[in-house]
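Below is protein_9.txt, which holds compact mmCIF, C-alpha atoms.
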```
# COMPACT_ATOMS: atom_id res chain seq x y z
CA MET A 654 0.00 0.00 0.00
CA ILE A 655 1.27 3.47 -0.84
CA THR A 656 0.20 6.99 -0.03
CA LEU A 657 -1.57 9.17 -2.55
CA ASP A 658 1.49 11.45 -2.59
CA ALA A 659 3.70 8.47 -3.43
CA PHE A 660 1.30 7.41 -6.20
CA ASN A 661 1.24 10.94 -7.62
CA ALA A 662 5.07 11.05 -7.62
CA ALA A 663 5.62 7.46 -8.77
CA PRO A 664 7.42 6.82 -12.05
CA LEU A 665 4.99 6.32 -14.91
CA ALA A 666 5.63 2.56 -15.15
CA GLU A 667 4.95 2.04 -11.44
CA ALA A 668 1.75 4.12 -11.49
CA ARG A 669 0.61 2.31 -14.64
CA ARG A 670 1.19 -1.07 -12.96
CA LEU A 671 -0.86 -0.04 -9.91
CA LEU A 672 -3.73 1.21 -12.08
CA PHE A 673 -3.70 -1.93 -14.26
CA HIS A 674 -4.00 -3.97 -11.09
CA ALA A 675 -7.11 -1.95 -10.22
CA CYS A 676 -8.64 -2.19 -13.71
CA HIS A 677 -7.09 -4.05 -16.64
CA CYS A 678 -8.18 -1.47 -19.23
CA THR A 679 -5.62 0.48 -21.24
CA PRO A 680 -7.77 3.54 -22.10
CA TRP A 681 -8.90 3.89 -18.48
CA VAL A 682 -5.34 3.56 -17.16
CA GLU A 683 -4.02 6.12 -19.65
CA ALA A 684 -6.83 8.58 -18.79
CA MET A 685 -6.03 8.21 -15.10
CA LEU A 686 -2.31 8.70 -15.68
CA ALA A 687 -2.97 11.84 -17.71
CA GLU A 688 -4.89 13.34 -14.81
CA ARG A 689 -2.17 12.85 -12.17
CA PRO A 690 -1.47 14.37 -9.71
CA PHE A 691 -4.71 14.02 -7.76
CA ALA A 692 -5.43 16.60 -5.07
CA ASP A 693 -6.88 14.01 -2.70
CA GLY A 694 -8.46 10.58 -2.54
CA ALA A 695 -11.89 11.90 -3.45
CA ALA A 696 -10.49 13.44 -6.63
CA LEU A 697 -8.81 10.16 -7.58
CA LEU A 698 -12.01 8.16 -6.99
CA ALA A 699 -14.11 10.71 -8.88
CA ALA A 700 -11.71 10.55 -11.82
CA ALA A 701 -11.76 6.74 -11.74
CA ALA A 702 -15.56 6.71 -11.93
CA ARG A 703 -15.76 9.48 -14.54
CA HIS A 704 -13.23 7.84 -16.85
CA TRP A 705 -14.81 4.40 -16.43
CA GLN A 706 -18.21 5.78 -17.49
CA ARG A 707 -16.63 6.97 -20.74
CA MET A 708 -15.25 3.57 -21.77
CA ASP A 709 -16.59 1.96 -24.93
CA GLU A 710 -17.43 -1.72 -25.34
CA ALA A 711 -13.90 -2.68 -26.43
CA ALA A 712 -12.47 -1.08 -23.27
CA LEU A 713 -15.06 -2.83 -21.08
CA LEU A 714 -14.21 -6.18 -22.65
CA GLU A 715 -10.50 -5.57 -22.10
CA ALA A 716 -11.16 -4.95 -18.40
CA PHE A 717 -13.38 -8.04 -18.11
CA ALA A 718 -10.70 -10.19 -19.76
CA GLY A 719 -8.38 -9.29 -16.88
CA HIS A 720 -10.47 -11.40 -14.47
CA ALA A 721 -10.55 -15.08 -13.65
CA ARG A 722 -13.87 -16.88 -13.92
CA ILE A 723 -15.71 -17.00 -10.60
CA GLY A 724 -15.07 -20.47 -9.24
CA ASP A 725 -12.24 -21.43 -11.61
CA LEU A 726 -9.80 -22.30 -8.84
CA ALA A 727 -7.06 -23.57 -11.17
CA ALA A 728 -6.99 -20.28 -13.06
CA LEU A 729 -7.09 -18.34 -9.81
CA ARG A 730 -4.04 -20.19 -8.51
CA ASP A 731 -2.09 -20.02 -11.76
CA ARG A 732 -2.70 -16.56 -13.13
CA PHE A 733 -4.90 -14.37 -10.98
CA ALA A 734 -3.43 -14.15 -7.47
CA PRO A 735 -5.29 -10.89 -6.62
CA ALA A 736 -8.56 -12.44 -7.77
CA ALA A 737 -7.87 -15.46 -5.58
CA ARG A 738 -7.83 -13.15 -2.56
CA GLU A 739 -11.01 -11.41 -3.72
CA GLN A 740 -12.76 -14.73 -4.34
CA GLY A 741 -11.49 -16.26 -1.10
CA GLN A 742 -14.91 -17.56 -0.07
CA VAL A 743 -15.18 -19.45 -3.36
CA ALA A 744 -12.24 -21.65 -2.38
CA GLU A 745 -14.20 -22.72 0.70
CA ALA A 746 -17.29 -23.77 -1.29
CA ASP A 747 -18.30 -27.38 -1.72
CA GLU A 748 -17.60 -29.17 -4.99
CA ALA A 749 -21.23 -29.02 -6.18
CA VAL A 750 -21.35 -25.22 -5.89
CA LEU A 751 -17.96 -24.91 -7.62
CA ALA A 752 -19.12 -27.17 -10.46
CA ASP A 753 -22.31 -25.09 -10.81
CA LEU A 754 -20.30 -21.85 -10.87
CA LEU A 755 -17.97 -23.11 -13.56
CA ALA A 756 -20.77 -24.54 -15.74
CA LEU A 757 -22.93 -21.43 -15.36
CA ASN A 758 -19.97 -19.14 -16.07
CA ARG A 759 -19.20 -21.06 -19.26
CA ALA A 760 -22.86 -20.78 -20.33
CA TYR A 761 -22.81 -17.07 -19.51
CA GLU A 762 -19.63 -16.52 -21.49
CA GLY A 763 -21.05 -18.48 -24.43
CA LYS A 764 -24.19 -16.36 -24.44
CA HIS A 765 -22.72 -12.92 -23.74
CA GLY A 766 -19.17 -13.18 -25.09
CA PHE A 767 -17.42 -12.33 -21.81
CA ILE A 768 -17.07 -13.86 -18.37
CA PHE A 769 -19.48 -13.13 -15.53
CA ILE A 770 -18.24 -10.13 -13.57
CA VAL A 771 -19.33 -9.63 -9.99
CA CYS A 772 -17.70 -7.86 -7.08
CA ALA A 773 -17.01 -11.04 -5.13
CA SER A 774 -15.78 -9.36 -1.97
CA GLY A 775 -17.70 -10.73 0.98
CA LYS A 776 -19.99 -12.93 -1.11
CA PRO A 777 -20.17 -16.68 -0.50
CA ALA A 778 -19.93 -18.89 -3.56
CA ALA A 779 -23.61 -19.86 -3.36
CA VAL A 780 -24.63 -16.18 -3.51
CA MET A 781 -22.44 -15.63 -6.57
CA ARG A 782 -23.94 -18.75 -8.18
CA ASP A 783 -27.43 -17.39 -7.55
CA LEU A 784 -26.47 -13.99 -9.01
CA LEU A 785 -25.06 -15.73 -12.06
CA ARG A 786 -28.31 -17.69 -12.49
CA GLU A 787 -30.32 -14.46 -12.20
CA ARG A 788 -28.21 -12.60 -14.73
CA LEU A 789 -27.67 -15.39 -17.28
CA PRO A 790 -31.05 -14.85 -19.05
CA ASN A 791 -30.41 -11.10 -19.55
CA ASP A 792 -29.56 -9.78 -22.98
CA ARG A 793 -25.99 -8.77 -23.81
CA ALA A 794 -26.60 -5.02 -23.47
CA ALA A 795 -28.01 -5.45 -19.98
CA GLU A 796 -25.07 -7.63 -18.99
CA LEU A 797 -22.51 -5.18 -20.37
CA ALA A 798 -24.12 -2.55 -18.12
CA ASN A 799 -24.26 -4.91 -15.11
CA ALA A 800 -20.67 -6.03 -15.60
CA ALA A 801 -19.50 -2.41 -16.01
CA ARG A 802 -21.14 -1.49 -12.68
CA GLU A 803 -19.52 -4.48 -11.02
CA GLN A 804 -16.13 -3.59 -12.53
CA ALA A 805 -16.47 -0.07 -11.11
CA ALA A 806 -17.01 -1.56 -7.63
CA ILE A 807 -14.04 -3.91 -8.07
CA THR A 808 -11.84 -1.04 -9.25
CA ARG A 809 -12.81 1.09 -6.27
CA LEU A 810 -11.98 -1.76 -3.86
CA ARG A 811 -8.65 -2.40 -5.55
CA LEU A 812 -7.70 1.28 -5.50
CA ALA A 813 -8.65 1.44 -1.81
CA GLY A 814 -6.49 -1.61 -1.17
CA ALA A 815 -3.51 -0.08 -2.94
CA ILE A 816 -3.62 3.59 -1.89
CA GLU A 817 -3.83 4.58 1.77
CA GLY A 818 -6.81 6.55 2.96
CA LEU A 819 -9.25 5.74 0.18
CA PRO A 820 -12.67 4.52 1.35
CA GLN A 821 -13.62 1.10 0.02
CA HIS A 822 -17.25 2.04 -0.51
CA PRO A 823 -18.96 5.13 -1.90
CA PRO A 824 -20.33 7.71 0.55
CA GLY A 825 -23.22 6.24 2.50
CA GLY A 826 -21.39 2.99 3.21
CA HIS A 827 -22.91 0.89 0.44
CA SER A 828 -20.91 -0.74 -2.29
CA GLN A 829 -21.98 -0.38 -5.90
CA GLN A 830 -23.89 -3.55 -6.53
CA GLN A 831 -26.62 -4.42 -9.04
CA GLU A 832 -19.52 -7.04 -7.92
CA THR A 833 -15.89 -8.73 -9.91
CA THR A 834 -15.37 -11.04 -10.35
```
Written as structure tokens, that's how I'd like the structure from this file.
Amino acid sequence: MITLDAFNAAPLAEARRLLFHACHCTPWVEAMLAERPFADGAALLAAAARHWQRMDEAALLEAFAGHARIGDLAALRDRFAPAAREQGQVAEADEAVLADLLALNRAYEGKHGFIFIVCASGKPAAVMRDLLRERLPNDRAAELANAAREQAAITRLRLAGAIEGLPQHPPGGHSQQQETT
């Protein structure tokens, strides 16, 4: 974890790496880098939200591709260590729930063209499975919007985990839910 001052003063490559960890989306990262330095945490979070809202479908899909499938424990172990921490409760789920998650996620990806994105923080695997079941029948446009909202919540949590003093949830104490990942 670093301070906002350290982030503002960090070499470009280091700041880029931190932002890519928060959201794997090149146009969003570059927009955030162009706006440095940030006056305070609120300004950074406002910029993150503002720039995310401006992303087109290609940028959204790039960000979504930076996530492991919910419940894909092998991928979490091999490639997505941060996601493994975020999906920690998934690792504790029973085999039936994990099998459901993986099968439903594959069906979701086949239908919508991207993996199911949910802010997994604090959600048991069964809850994520139920959310996946609820969202699977939606059309692609609705799911792009749902996944974008979930990515915004994930990004906020990741920024708060990387930069000291940033609140994890928006004012009012509620996370942005409809979550991911």
Item to complete: Figure out the distance between CA of Pro820 (chain A) and CA of Met654 (chain A), please, to one decimal in Å.
Response: 13.5 Å
Closest contacts (region 670-725 of chain A/region 763-785 of chain A, max 9 Å, only C-alpha atoms) as a tab-separated table:
```
residue	atom	partner	partner_atom	distance
A:Leu714	CA	A:Phe767	CA	7.0
A:Phe717	CA	A:Ile768	CA	6.9
A:Ala718	CA	A:Phe767	CA	7.3
A:His720	CA	A:Ile770	CA	7.9
A:Ala721	CA	A:Ile768	CA	8.1
A:Arg722	CA	A:Ile768	CA	6.3
A:Ile723	CA	A:Phe769	CA	7.3
A:Gly724	CA	A:Ala778	CA	7.6
```
Practice prompt. Would you mind reading off the distance between CA of Phe691 (chain A) and CA of Ala675 (chain A), one decimal, in Å?
Written response: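 Atom-to-atom, CA of Phe691 (chain A) and CA of Ala675 (chain A) are spaced 16.3 Å apart.
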Discussion item. Residues near region 814-817 of chain A, anyone? I mean within 7 Å using all atoms listed in the file, not counting same-chain ones fewer than 6 positions away, as a list in words.
Written reply: Met654, Ile655, Thr656 and Leu657 of chain A
Worksheet item: By how many Å are CA of Glu710 (chain A) and CA of Ala756 (chain A) apart?
Response: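 CA of Glu710 (chain A) sits 25.0 Å away from CA of Ala756 (chain A).
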Discussion item. Applying 12 Å and only C-alpha atoms, which residues near Ala700 (chain A) remain after dropping the ones on its own chain fewer than 2 positions away? List them as a ChimeraX atom specification.
Written reply: /A:681-698,702-707,805,808-809,812
Worksheet item: Hey, what's within 12 Å of Asp709 (chain A) if we count only C-alpha atoms and toss same-chain stuff fewer than 5 positions away? As a list in words, please?
Response: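 Here the qualifying residues turn out to be Cys678, Thr679, Pro680, Trp681, His704, Leu714, Glu715, Ala716, Leu797, Ala798 and Ala801 of chain A.
Minimum atom-to-atom distances from A:Phe673, A:Glu748, A:Ala699, A:Arg788 to Leu819 (chain A) were compared using all atoms listed in the file, and the lowest value belongs to A:Ala699.
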